[in-house]
$ cat protein_13.tsv   # TSV, C-alpha atoms and all ligand atoms
chain	number	residue	atom	x	y	z
J	1	MET	CA	106.19	83.80	104.17
J	2	GLU	CA	106.21	87.33	102.74
J	3	LYS	CA	108.09	88.73	105.74
J	4	ARG	CA	110.61	85.90	105.30
J	5	LYS	CA	111.15	86.86	101.64
J	6	ASP	CA	111.93	90.47	102.56
J	7	ASP	CA	114.19	89.32	105.45
J	8	HIS	CA	116.08	87.20	102.91
J	9	ILE	CA	116.57	90.21	100.63
J	10	HIS	CA	117.83	92.45	103.44
J	11	LEU	CA	120.12	89.81	104.96
J	12	ALA	CA	121.41	88.71	101.53
J	13	TYR	CA	122.40	92.33	100.88
J	14	SER	CA	124.58	92.36	104.00
J	15	ASP	CA	127.97	90.68	104.41
J	16	VAL	CA	126.54	88.13	106.86
J	17	SER	CA	125.23	86.23	103.79
J	18	GLN	CA	128.68	85.62	102.31
J	19	VAL	CA	130.54	82.58	103.64
J	20	GLY	CA	133.66	80.60	102.72
J	21	SER	CA	135.45	80.38	99.39
J	22	PRO	CA	134.25	78.94	96.06
J	23	TRP	CA	137.90	77.99	95.32
J	24	PHE	CA	138.11	79.93	92.07
J	25	ASP	CA	141.51	81.14	93.32
J	26	GLU	CA	142.58	77.48	92.96
J	27	VAL	CA	142.11	77.71	89.17
J	28	LEU	CA	145.01	79.55	87.55
J	29	LEU	CA	144.47	80.03	83.85
J	30	ILE	CA	147.79	80.40	82.06
J	31	HIS	CA	148.45	83.79	80.53
J	32	ASN	CA	148.87	83.73	76.77
J	33	ALA	CA	151.24	86.52	75.76
J	34	LEU	CA	150.64	85.78	72.10
J	35	PRO	CA	146.86	85.31	71.81
J	36	GLU	CA	146.83	85.98	68.01
J	37	LEU	CA	143.49	87.77	68.21
J	38	ASP	CA	142.18	91.27	68.95
J	39	LEU	CA	140.10	91.96	72.02
J	40	ALA	CA	137.31	92.87	69.58
J	41	ASP	CA	137.48	89.36	68.06
J	42	VAL	CA	136.37	87.72	71.31
J	43	ASP	CA	132.86	86.39	70.81
J	44	LEU	CA	130.78	85.98	73.98
J	45	SER	CA	127.69	84.55	72.29
J	46	ALA	CA	126.54	81.31	73.84
J	47	ASP	CA	123.95	78.59	73.90
J	48	PHE	CA	121.60	78.35	76.88
J	49	LEU	CA	119.99	74.92	76.76
J	50	GLY	CA	119.40	75.30	73.03
J	51	ALA	CA	118.57	79.03	73.01
J	52	LYS	CA	120.97	81.60	71.54
J	53	VAL	CA	122.01	84.19	74.14
J	54	SER	CA	124.54	87.00	74.08
J	55	ALA	CA	126.80	85.59	76.81
J	56	PRO	CA	127.30	82.43	78.91
J	57	PHE	CA	126.10	84.45	81.89
J	58	GLY	CA	122.74	85.06	83.51
J	59	ILE	CA	120.85	86.29	86.55
J	60	GLY	CA	120.52	83.62	89.25
J	61	ALA	CA	117.35	82.58	91.09
J	62	MET	CA	116.34	85.05	93.75
J	63	THR	CA	113.00	86.44	94.51
J	64	GLY	CA	109.32	87.20	94.10
J	65	GLY	CA	106.29	87.36	96.37
J	66	THR	CA	106.45	90.82	97.94
J	67	GLU	CA	106.17	94.42	96.78
J	68	LEU	CA	109.96	94.86	97.08
J	69	ALA	CA	110.63	91.54	95.33
J	70	GLY	CA	108.30	92.55	92.49
J	71	LYS	CA	110.24	95.77	91.98
J	72	ILE	CA	113.56	93.90	92.06
J	73	ASN	CA	112.30	91.34	89.52
J	74	ALA	CA	111.11	94.12	87.20
J	75	GLU	CA	114.50	95.86	87.29
J	76	LEU	CA	116.42	92.60	86.81
J	77	ALA	CA	114.16	91.65	83.90
J	78	LYS	CA	114.65	94.99	82.12
J	79	ALA	CA	118.43	94.64	82.42
J	80	ALA	CA	118.39	90.98	81.31
J	81	GLU	CA	116.34	91.90	78.24
J	82	GLU	CA	118.68	94.77	77.35
J	83	PHE	CA	121.77	92.55	77.59
J	84	GLY	CA	120.09	89.51	76.01
J	85	ILE	CA	120.96	87.21	78.90
J	86	PRO	CA	118.78	84.58	80.68
J	87	MET	CA	117.13	85.14	84.05
J	88	TYR	CA	115.80	82.81	86.72
J	89	VAL	CA	113.10	83.86	89.17
J	90	GLY	CA	112.94	82.86	92.85
J	91	SER	CA	110.71	80.11	94.19
J	92	GLN	CA	107.18	80.59	92.84
J	93	ARG	CA	105.41	78.67	95.58
J	94	VAL	CA	104.34	81.92	97.24
J	95	ALA	CA	102.41	82.95	94.10
J	96	LEU	CA	100.91	79.49	93.54
J	97	GLN	CA	99.45	79.64	97.03
J	98	ASN	CA	98.54	83.32	96.96
J	99	PRO	CA	97.48	84.60	93.52
J	100	SER	CA	97.49	88.22	94.71
J	101	VAL	CA	101.30	88.20	94.45
J	102	ARG	CA	101.49	86.63	90.99
J	103	TRP	CA	102.27	90.05	89.55
J	104	THR	CA	105.65	90.02	91.33
J	105	PHE	CA	106.69	87.23	88.93
J	106	GLU	CA	104.59	88.23	85.91
J	107	VAL	CA	106.57	91.49	85.65
J	108	VAL	CA	109.45	89.36	84.40
J	109	LYS	CA	107.67	88.27	81.22
J	110	GLN	CA	106.31	91.78	80.73
J	111	HIS	CA	109.76	93.41	80.89
J	112	ALA	CA	111.77	90.57	79.36
J	113	PRO	CA	109.67	89.10	76.56
J	114	THR	CA	112.47	87.63	74.43
J	115	ILE	CA	115.15	86.20	76.74
J	116	PRO	CA	115.03	82.64	78.17
J	117	LYS	CA	113.36	82.78	81.59
J	118	VAL	CA	113.65	80.04	84.20
J	119	ALA	CA	110.76	79.07	86.50
J	120	ASN	CA	111.58	77.88	90.03
J	121	LEU	CA	110.09	75.44	92.53
J	122	GLY	CA	111.53	73.75	95.63
J	123	ALA	CA	112.11	70.04	96.06
J	124	PRO	CA	110.62	69.83	99.59
J	125	GLN	CA	107.35	71.32	98.35
J	126	LEU	CA	107.18	68.92	95.41
J	127	SER	CA	107.91	66.04	97.75
J	128	ALA	CA	104.83	66.90	99.83
J	129	LEU	CA	102.43	67.33	96.89
J	130	PRO	CA	100.35	64.60	95.20
J	131	GLU	CA	101.33	63.91	91.57
J	132	GLU	CA	98.42	65.78	89.92
J	133	LYS	CA	99.20	68.84	92.01
J	134	VAL	CA	102.89	68.75	91.06
J	135	VAL	CA	101.96	68.85	87.38
J	136	GLU	CA	99.43	71.64	88.00
J	137	TRP	CA	102.01	73.75	89.86
J	138	VAL	CA	104.71	73.30	87.27
J	139	VAL	CA	102.40	74.18	84.39
J	140	GLU	CA	101.22	77.28	86.25
J	141	ALA	CA	104.75	78.34	87.21
J	142	VAL	CA	105.83	78.10	83.56
J	143	GLU	CA	102.83	80.06	82.36
J	144	MET	CA	103.35	82.78	85.02
J	145	ILE	CA	106.64	83.93	83.49
J	146	ASP	CA	106.45	82.31	80.04
J	147	ALA	CA	109.39	80.14	81.10
J	148	TYR	CA	111.85	78.55	78.71
J	149	ALA	CA	113.08	76.11	81.38
J	150	VAL	CA	112.16	74.96	84.88
J	151	ALA	CA	114.53	74.82	87.84
J	152	ILE	CA	113.92	72.62	90.86
J	153	HIS	CA	115.99	73.71	93.84
J	154	LEU	CA	117.53	71.34	96.37
J	155	ASN	CA	118.09	73.16	99.66
J	156	ALA	CA	118.35	70.52	102.36
J	157	ALA	CA	120.71	72.54	104.58
J	158	GLN	CA	118.54	75.64	104.39
J	159	GLU	CA	115.38	73.71	105.31
J	160	VAL	CA	117.12	72.32	108.39
J	161	VAL	CA	118.16	75.69	109.80
J	162	GLN	CA	114.92	77.49	108.96
J	163	PRO	CA	112.51	77.42	111.94
J	164	GLU	CA	109.55	77.07	109.54
J	165	GLY	CA	111.59	74.81	107.23
J	166	GLU	CA	110.45	71.55	105.63
J	167	PRO	CA	113.42	69.16	105.65
J	168	ARG	CA	111.47	66.54	103.66
J	169	PHE	CA	113.35	65.04	100.76
J	170	ARG	CA	111.78	61.58	100.54
J	171	GLY	CA	110.57	60.81	97.01
J	172	VAL	CA	112.08	63.96	95.47
J	173	LEU	CA	113.86	62.18	92.60
J	174	GLU	CA	110.58	60.59	91.45
J	175	LYS	CA	108.91	64.02	91.55
J	176	ILE	CA	111.74	65.48	89.47
J	177	LYS	CA	111.18	62.69	86.90
J	178	LEU	CA	107.49	63.54	86.90
J	179	VAL	CA	108.25	67.24	86.28
J	180	LYS	CA	110.47	66.29	83.35
J	181	ARG	CA	107.73	64.10	81.83
J	182	ALA	CA	105.02	66.71	82.35
J	183	VAL	CA	106.67	69.93	81.32
J	184	GLY	CA	108.13	69.41	77.83
J	185	LYS	CA	110.85	72.00	78.58
J	186	PRO	CA	114.44	71.80	79.77
J	187	VAL	CA	114.61	70.91	83.47
J	188	ILE	CA	117.44	72.19	85.67
J	189	VAL	CA	118.19	70.86	89.15
J	190	LYS	CA	120.01	73.38	91.31
J	191	GLU	CA	121.50	73.68	94.76
J	192	VAL	CA	121.41	76.98	96.63
J	193	GLY	CA	124.94	77.18	98.10
J	194	ASN	CA	125.99	73.71	99.29
J	195	GLY	CA	127.01	72.18	95.97
J	196	ILE	CA	126.26	68.96	94.06
J	197	SER	CA	128.46	65.86	94.24
J	198	LYS	CA	129.24	63.34	91.50
J	199	GLU	CA	127.08	60.75	93.29
J	200	VAL	CA	124.06	63.04	93.09
J	201	ALA	CA	124.92	64.07	89.52
J	202	GLU	CA	125.02	60.38	88.54
J	203	ARG	CA	121.47	59.94	89.85
J	204	LEU	CA	120.32	63.00	87.91
J	205	ALA	CA	122.03	61.94	84.66
J	206	GLY	CA	119.44	60.98	82.06
J	207	VAL	CA	116.70	62.52	84.21
J	208	VAL	CA	117.33	66.25	83.86
J	209	ASP	CA	118.81	68.45	81.15
J	210	ALA	CA	121.00	70.59	83.37
J	211	ILE	CA	122.64	70.74	86.77
J	212	ASP	CA	123.30	74.11	88.38
J	213	VAL	CA	125.91	73.32	91.02
J	214	GLY	CA	125.00	76.12	93.48
J	215	GLY	CA	128.24	75.56	95.36
J	216	LEU	CA	129.70	76.77	98.63
J	217	GLY	CA	131.62	80.03	98.79
J	218	GLY	CA	129.15	82.79	98.06
J	219	THR	CA	125.69	83.35	99.47
J	220	SER	CA	124.93	80.98	102.34
J	221	PHE	CA	121.32	80.42	103.29
J	222	VAL	CA	122.53	78.61	106.39
J	223	SER	CA	124.13	81.86	107.51
J	224	ILE	CA	121.12	83.97	106.45
J	225	GLU	CA	118.76	81.73	108.43
J	226	GLY	CA	121.18	81.88	111.38
J	227	ALA	CA	120.93	85.67	111.36
J	228	ARG	CA	117.13	85.44	111.31
J	229	ALA	CA	117.22	82.96	114.20
J	230	LEU	CA	119.46	85.30	116.19
J	231	GLY	CA	117.00	88.16	115.66
J	232	ALA	CA	114.11	85.94	116.77
J	233	GLY	CA	115.94	84.60	119.85
J	234	LEU	CA	115.90	81.01	118.52
J	235	GLU	CA	119.13	79.78	120.09
J	236	LEU	CA	119.14	76.20	118.80
J	237	TYR	CA	118.68	77.31	115.18
J	238	ARG	CA	121.34	79.99	115.57
J	239	ARG	CA	123.72	77.40	116.94
J	240	ILE	CA	123.06	74.84	114.20
J	241	SER	CA	123.59	77.55	111.63
J	242	GLU	CA	126.96	78.48	113.15
J	243	VAL	CA	128.10	74.82	113.10
J	244	PHE	CA	126.96	74.16	109.52
J	245	LYS	CA	127.54	77.47	107.78
J	246	THR	CA	130.65	76.24	105.93
J	247	TRP	CA	129.03	72.89	105.06
J	248	GLY	CA	129.12	71.96	101.42
J	249	ILE	CA	131.19	71.57	98.28
J	250	PRO	CA	133.12	74.64	97.07
J	251	THR	CA	131.81	75.69	93.67
J	252	ALA	CA	135.02	74.96	91.71
J	253	ALA	CA	135.15	71.43	93.18
J	254	SER	CA	131.43	70.91	92.53
J	255	ILE	CA	131.84	71.79	88.84
J	256	CYS	CA	134.55	69.09	88.60
J	257	GLU	CA	132.35	66.61	90.51
J	258	VAL	CA	129.38	67.13	88.21
J	259	ARG	CA	131.31	67.43	84.94
J	260	SER	CA	133.12	64.14	85.65
J	261	VAL	CA	129.92	62.09	85.43
J	262	PHE	CA	127.22	64.26	83.82
J	263	GLY	CA	127.11	64.72	80.04
J	264	GLY	CA	124.35	67.36	80.11
J	265	TYR	CA	124.46	71.13	80.53
J	266	VAL	CA	126.35	72.39	83.59
J	267	ILE	CA	125.68	75.76	85.18
J	268	ALA	CA	128.14	77.26	87.67
J	269	SER	CA	126.85	79.34	90.55
J	270	GLY	CA	127.74	80.11	94.13
J	271	GLY	CA	130.38	82.75	94.79
J	272	VAL	CA	131.01	83.71	91.16
J	273	ARG	CA	132.07	87.31	91.68
J	274	SER	CA	133.62	88.45	88.40
J	275	GLY	CA	133.85	87.62	84.73
J	276	LEU	CA	137.23	86.06	85.52
J	277	ASP	CA	135.58	83.67	88.00
J	278	GLY	CA	133.10	82.90	85.23
J	279	ALA	CA	135.95	82.14	82.80
J	280	ARG	CA	137.50	79.80	85.38
J	281	ALA	CA	134.14	78.04	85.83
J	282	LEU	CA	133.84	77.57	82.05
J	283	ALA	CA	137.44	76.29	81.90
J	284	LEU	CA	136.51	73.65	84.50
J	285	GLY	CA	133.76	72.42	82.20
J	286	ALA	CA	130.68	74.51	83.01
J	287	ASN	CA	128.61	75.72	80.03
J	288	PHE	CA	127.21	78.81	81.71
J	289	PHE	CA	127.43	80.78	84.95
J	290	THR	CA	125.14	82.91	87.06
J	291	MET	CA	125.51	85.41	89.85
J	292	SER	CA	122.82	86.19	92.41
J	293	GLN	CA	123.80	88.27	95.44
J	294	PRO	CA	126.04	90.76	93.59
J	295	LEU	CA	123.19	91.44	91.15
J	296	LEU	CA	120.72	91.87	94.00
J	297	ARG	CA	123.05	94.44	95.57
J	298	ALA	CA	123.53	96.16	92.23
J	299	VAL	CA	119.78	96.48	91.69
J	300	LEU	CA	119.21	97.85	95.19
J	301	ASP	CA	122.06	100.32	94.68
J	302	GLY	CA	120.72	101.40	91.28
J	303	ARG	CA	123.72	100.18	89.24
J	304	ILE	CA	122.56	96.89	87.69
J	305	ARG	CA	123.57	97.79	84.12
J	306	GLU	CA	127.07	98.81	85.20
J	307	GLU	CA	127.46	95.53	87.11
J	308	ILE	CA	126.38	93.28	84.23
J	309	SER	CA	128.45	95.25	81.77
J	310	ALA	CA	131.54	94.97	84.02
J	311	VAL	CA	131.13	91.17	84.37
J	312	LEU	CA	130.84	90.78	80.59
J	313	THR	CA	133.93	92.95	80.05
J	314	GLU	CA	135.90	90.95	82.61
J	315	LEU	CA	134.91	87.72	80.86
J	316	LYS	CA	135.98	89.16	77.51
J	317	VAL	CA	139.34	90.30	78.89
J	318	ALA	CA	139.94	86.88	80.51
J	319	MET	CA	139.17	85.16	77.18
J	320	PHE	CA	141.50	87.54	75.32
J	321	LEU	CA	144.35	86.92	77.78
J	322	VAL	CA	144.13	83.15	77.38
J	323	GLY	CA	143.64	83.37	73.63
J	324	ALA	CA	140.07	82.06	73.62
J	325	ARG	CA	138.10	83.48	70.72
J	326	ARG	CA	134.90	81.59	71.51
J	327	VAL	CA	133.34	80.51	74.80
J	328	SER	CA	133.86	76.84	73.89
J	329	ASP	CA	137.65	77.47	73.59
J	330	LEU	CA	137.85	78.04	77.37
J	331	ALA	CA	137.49	74.32	78.14
J	332	LYS	CA	140.85	73.70	76.43
J	333	VAL	CA	143.00	76.47	77.93
J	334	PRO	CA	146.09	75.45	79.90
J	335	ARG	CA	145.73	75.84	83.67
J	336	VAL	CA	147.30	74.96	87.00
J	337	TYR	CA	145.21	73.89	89.98
J	338	GLY	CA	146.01	74.96	93.53
J	339	PRO	CA	146.74	72.31	96.18
J	340	ARG	CA	143.24	72.09	97.69
J	341	LEU	CA	141.46	71.60	94.36
J	342	ARG	CA	144.15	69.24	93.08
J	343	GLU	CA	143.89	67.13	96.21
J	344	TRP	CA	140.10	67.09	95.94
J	345	ILE	CA	140.24	65.99	92.27
J	346	GLU	CA	142.72	63.25	93.14
J	347	GLN	CA	140.95	61.87	96.22
J	348	ARG	CA	137.58	61.92	94.49
J	349	GLY	CA	138.91	60.38	91.27
J	350	LEU	CA	137.54	63.20	89.11
J	351	ARG	CA	138.38	64.04	85.51
J	352	CYS	CA	138.71	67.79	85.40
D	1	LIG	C1	117.91	86.98	98.12
D	1	LIG	C2	118.12	85.61	97.55
D	1	LIG	C3	117.03	84.77	97.41
D	1	LIG	C4	117.18	83.49	96.86
D	1	LIG	N1	116.07	82.70	96.65
D	1	LIG	C5	116.19	81.56	95.94
D	1	LIG	C6	115.04	80.83	95.54
D	1	LIG	O1	113.89	81.22	95.83
D	1	LIG	N2	115.21	79.69	94.82
D	1	LIG	C7	116.46	79.25	94.47
D	1	LIG	O2	116.56	78.25	93.77
D	1	LIG	N3	117.57	79.90	94.86
D	1	LIG	C8	117.47	81.05	95.57
D	1	LIG	N4	118.60	81.75	95.93
D	1	LIG	C9	119.93	81.12	95.73
D	1	LIG	C10	120.65	81.58	94.47
D	1	LIG	O3	119.95	81.14	93.33
D	1	LIG	C11	122.10	81.03	94.42
D	1	LIG	O4	122.08	79.62	94.36
D	1	LIG	C12	122.92	81.44	95.62
D	1	LIG	O5	122.60	82.76	96.02
D	1	LIG	C13	124.42	81.36	95.34
D	1	LIG	O6	124.81	82.30	94.36
D	1	LIG	P1	125.57	83.68	94.75
D	1	LIG	O7	126.72	83.28	95.63
D	1	LIG	O8	125.98	84.28	93.45
D	1	LIG	O9	124.59	84.55	95.47
D	1	LIG	C14	118.47	83.03	96.47
D	1	LIG	C15	119.57	83.90	96.63
D	1	LIG	C16	119.42	85.16	97.15
D	1	LIG	C17	120.64	86.05	97.27

$ encode --input "protein_13.tsv" --output "structure tokens"
Amino acid sequence: MEKRKDDHIHLAYSDVSQVGSPWFDEVLLIHNALPELDLADVDLSADFLGAKVSAPFGIGAMTGGTELAGKINAELAKAAEEFGIPMYVGSQRVALQNPSVRWTFEVVKQHAPTIPKVANLGAPQLSALPEEKVVEWVVEAVEMIDAYAVAIHLNAAQEVVQPEGEPRFRGVLEKIKLVKRAVGKPVIVKEVGNGISKEVAERLAGVVDAIDVGGLGGTSFVSIEGARALGAGLELYRRISEVFKTWGIPTAASICEVRSVFGGYVIASGGVRSGLDGARALALGANFFTMSQPLLRAVLDGRIREEISAVLTELKVAMFLVGARRVSDLAKVPRVYGPRLREWIEQRGLRC
């Protein structure tokens, strides 16, 4: 599993990991030539599931479990703490099964004591565990990073194309309900790059506090697993990956899907590549956005602070240019949708 984690980091860094479009170019926010505010008046402060944070932006779920992952987590955590923004960790299963790598997650609470941190476990693993074990794992995962919230990831497509994958999703919803009852903290359900539909969001409504759409158009684990399969000479997996690598719901469409039926907190992720994309996601009805792969690259290139600072500046400029003083004003700004998103909204009967 540890080799797989490092393979994921190296392949995610490369362009092979980036597939399709999140459709943010289908969201045109209308320029406001008379914003009646100064750039300095724009207030990025936000609420993250009840916690005050300095921006509606955070570090997405990535890694843990290896020496390299531990170093990456430490650097991400230091930057998150400095900027006062939330941070997820990657799946903690590896550390629950092998305590010798717990430190690769614990560094996050050491370097980021005050920001909201998000624990992470996978649905297929929960599905396979007996109830008592689920509760034990969740409690331990929370304690490992002093988590403010818990994310459960849904990654059906990834499990299918991963040779050692576990495409077992029977009983997952009941396990998610169990996690919510046991943990006493906000629970987030997230995808990892294939998006969440309104039908799924309807089933999660009233069960979880937040949905992180994890839409199509940025990092694709189907493509990453395909590249691993190619390296290992596993032709069938490579082929399935090629066929399914653009499978999923583009992030902009997924935000509309979820927001149409889900009254809870909505997090946008998957192909968010600038503060302007973030502003578009918030205009569509998301409460918060995260980036993963660009922040991984930035850490590995030694420019994480510059990257976060640039995203926050871009968000501020976008808000200024549409006349939004506060983050919540973005939901009301005039916009035009491109033909693909408009068609999607119409055919799916969404309110967006
Ligand atoms: C190296 C890497 C590892 C990841 N590992 C996890 C994980 O363990 N758990 C999870 O929920 N998501 C994981 N993800 C998925 C991200 O949280 C996110 O959903 C996805 O990368 C799309 O966002 P992006 O396009 O900004 O990268 C990982 C992403 C990357 C780049």

$ atom_distance --input "protein_13.tsv" --atom1 "CA of Gln97 (chain J)" --atom2 "CA of Ala69 (chain J)"
16.4 Å

$ residues_near_point --input "protein_13.tsv" --point "(105.0, 89.5, 90.9)" --cutoff "8 Å" --atoms "only C-alpha atoms" --output "PyMOL selection string"
chain J and resi 64-67+69-70+73+95+101-108

$ atom_distance --input "protein_13.tsv" --atom1 "CA of Arg170 (chain J)" --atom2 "CA of Thr219 (chain J)"
25.9 Å

$ axis_aligned_box --input "protein_13.tsv" --around "ligand LIG 1 (chain D)" --padding-each-side "3 Å" --output "lines of an AutoDock Vina configuration file"
center_x = 120.3
center_y = 82.6
center_z = 95.7
size_x = 18.8
size_y = 14.7
size_z = 10.8

$ closest_residue --input "protein_13.tsv" --among "J:Thr63, J:Ser197, J:Ser54, J:Asn98" --to "Val261 (chain J)" --atoms "only C-alpha atoms"
J:Ser197

$ closest_residue --input "protein_13.tsv" --among "J:Leu68, J:Leu216, J:Leu96, J:Ala80" --to "ligand LIG 1 (chain D)" --atoms "only C-alpha atoms and all ligand atoms"
J:Leu216

$ atom_distance --input "protein_13.tsv" --atom1 "CA of Arg335 (chain J)" --atom2 "CA of Ile255 (chain J)"
15.4 Å

$ closest_residue --input "protein_13.tsv" --among "J:Val208, J:Ala128, J:Ile196, J:Ala253" --to "ligand LIG 1 (chain D)" --atoms "all atoms listed in the file"
J:Ile196

$ residues_around --input "protein_13.tsv" --residues "Ile345 (chain J)" --least-positions-apart "6" --cutoff "8 Å" --atoms "all atoms listed in the file" --output "short mmCIF file (atom, residue, chain, number, x, y, z; two decimals) with C-alpha atoms, keeping the file's coordinate frame"
data_model
loop_
_atom_site.label_atom_id
_atom_site.label_comp_id
_atom_site.auth_asym_id
_atom_site.auth_seq_id
_atom_site.Cartn_x
_atom_site.Cartn_y
_atom_site.Cartn_z
CA ALA J 253 135.15 71.43 93.18
CA CYS J 256 134.55 69.09 88.60
CA ARG J 351 138.38 64.04 85.51
CA CYS J 352 138.71 67.79 85.40
#

$ closest_residue --input "protein_13.tsv" --among "J:Thr251, J:Asn120, J:Thr114, J:Ser100" --to "Glu82 (chain J)" --atoms "all atoms listed in the file"
J:Thr114

$ closest_residue --input "protein_13.tsv" --among "J:Glu143, J:Leu321, J:Ala205, J:Leu300" --to "Lys71 (chain J)" --atoms "only C-alpha atoms"
J:Leu300

$ closest_residue --input "protein_13.tsv" --among "J:Glu140, J:Asp146, J:Glu159, J:Glu36" --to "Met87 (chain J)" --atoms "all atoms listed in the file"
J:Asp146

$ residues_around --input "protein_13.tsv" --residues "Leu28 (chain J)" --least-positions-apart "3" --cutoff "7 Å" --atoms "all atoms listed in the file" --output "PyMOL selection string"
chain J and resi 25+335-337

$ residues_near_point --input "protein_13.tsv" --point "(137.0, 82.7, 78.8)" --cutoff "6 Å" --atoms "all atoms listed in the file" --output "VMD selection string"
chain J and resid 279 315 318 to 319 327 330

$ residues_around --input "protein_13.tsv" --residues "Asp7 (chain J)" --least-positions-apart "5" --cutoff "9 Å" --atoms "only C-alpha atoms" --output "ChimeraX atom specification"
/J:2,12,224,228

$ residues_around --input "protein_13.tsv" --residues "Tyr13 (chain J)" --least-positions-apart "4" --cutoff "8 Å" --atoms "only C-alpha atoms" --output "number ranges by chain"
J: 9, 17, 293, 296-297

$ residues_around --input "protein_13.tsv" --residues "Val311 (chain J)" --least-positions-apart "3" --cutoff "10 Å" --atoms "all atoms listed in the file" --output "PyMOL selection string"
chain J and resi 57+273-278+291+306-308+314-317

$ decode --input "protein_13.tsv" --residues "region 166-178 of chain J" --atoms "N, CA, C and O atoms" --output "PDB file, in the first residue's frame"
ATOM      1  N   GLU J 166     -11.117  -2.374  -4.183  1.00  0.00           N
ATOM      2  CA  GLU J 166     -12.203  -3.067  -3.463  1.00  0.00           C
ATOM      3  C   GLU J 166     -13.521  -2.428  -3.886  1.00  0.00           C
ATOM      4  O   GLU J 166     -14.078  -1.607  -3.151  1.00  0.00           O
ATOM      5  N   PRO J 167     -14.035  -2.796  -5.073  1.00  0.00           N
ATOM      6  CA  PRO J 167     -15.283  -2.163  -5.528  1.00  0.00           C
ATOM      7  C   PRO J 167     -16.497  -2.725  -4.781  1.00  0.00           C
ATOM      8  O   PRO J 167     -17.383  -3.349  -5.362  1.00  0.00           O
ATOM      9  N   ARG J 168     -16.529  -2.468  -3.466  1.00  0.00           N
ATOM     10  CA  ARG J 168     -17.615  -2.987  -2.616  1.00  0.00           C
ATOM     11  C   ARG J 168     -18.321  -1.819  -1.978  1.00  0.00           C
ATOM     12  O   ARG J 168     -17.799  -1.190  -1.070  1.00  0.00           O
ATOM     13  N   PHE J 169     -19.535  -1.550  -2.466  1.00  0.00           N
ATOM     14  CA  PHE J 169     -20.273  -0.399  -1.942  1.00  0.00           C
ATOM     15  C   PHE J 169     -21.602  -0.797  -1.307  1.00  0.00           C
ATOM     16  O   PHE J 169     -22.431   0.052  -1.006  1.00  0.00           O
ATOM     17  N   ARG J 170     -21.809  -2.081  -1.089  1.00  0.00           N
ATOM     18  CA  ARG J 170     -23.053  -2.532  -0.457  1.00  0.00           C
ATOM     19  C   ARG J 170     -23.052  -2.108   1.012  1.00  0.00           C
ATOM     20  O   ARG J 170     -22.072  -2.317   1.716  1.00  0.00           O
ATOM     21  N   GLY J 171     -24.150  -1.487   1.438  1.00  0.00           N
ATOM     22  CA  GLY J 171     -24.273  -1.128   2.861  1.00  0.00           C
ATOM     23  C   GLY J 171     -23.535   0.142   3.273  1.00  0.00           C
ATOM     24  O   GLY J 171     -23.454   0.454   4.457  1.00  0.00           O
ATOM     25  N   VAL J 172     -23.003   0.884   2.293  1.00  0.00           N
ATOM     26  CA  VAL J 172     -22.200   2.065   2.639  1.00  0.00           C
ATOM     27  C   VAL J 172     -23.039   3.154   3.315  1.00  0.00           C
ATOM     28  O   VAL J 172     -22.609   3.764   4.294  1.00  0.00           O
ATOM     29  N   LEU J 173     -24.258   3.385   2.807  1.00  0.00           N
ATOM     30  CA  LEU J 173     -25.074   4.458   3.379  1.00  0.00           C
ATOM     31  C   LEU J 173     -25.346   4.213   4.870  1.00  0.00           C
ATOM     32  O   LEU J 173     -25.280   5.138   5.691  1.00  0.00           O
ATOM     33  N   GLU J 174     -25.622   2.957   5.223  1.00  0.00           N
ATOM     34  CA  GLU J 174     -25.853   2.633   6.644  1.00  0.00           C
ATOM     35  C   GLU J 174     -24.595   2.907   7.472  1.00  0.00           C
ATOM     36  O   GLU J 174     -24.674   3.374   8.609  1.00  0.00           O
ATOM     37  N   LYS J 175     -23.439   2.611   6.896  1.00  0.00           N
ATOM     38  CA  LYS J 175     -22.173   2.842   7.626  1.00  0.00           C
ATOM     39  C   LYS J 175     -21.935   4.348   7.791  1.00  0.00           C
ATOM     40  O   LYS J 175     -21.423   4.798   8.818  1.00  0.00           O
ATOM     41  N   ILE J 176     -22.322   5.121   6.777  1.00  0.00           N
ATOM     42  CA  ILE J 176     -22.172   6.581   6.890  1.00  0.00           C
ATOM     43  C   ILE J 176     -23.075   7.097   8.023  1.00  0.00           C
ATOM     44  O   ILE J 176     -22.671   7.938   8.832  1.00  0.00           O
ATOM     45  N   LYS J 177     -24.297   6.546   8.095  1.00  0.00           N
ATOM     46  CA  LYS J 177     -25.215   6.946   9.189  1.00  0.00           C
ATOM     47  C   LYS J 177     -24.601   6.596  10.544  1.00  0.00           C
ATOM     48  O   LYS J 177     -24.691   7.374  11.501  1.00  0.00           O
ATOM     49  N   LEU J 178     -23.983   5.443  10.603  1.00  0.00           N
ATOM     50  CA  LEU J 178     -23.340   5.003  11.846  1.00  0.00           C
ATOM     51  C   LEU J 178     -22.211   5.966  12.233  1.00  0.00           C
ATOM     52  O   LEU J 178     -22.084   6.357  13.403  1.00  0.00           O
TER      53      LEU J 178
END
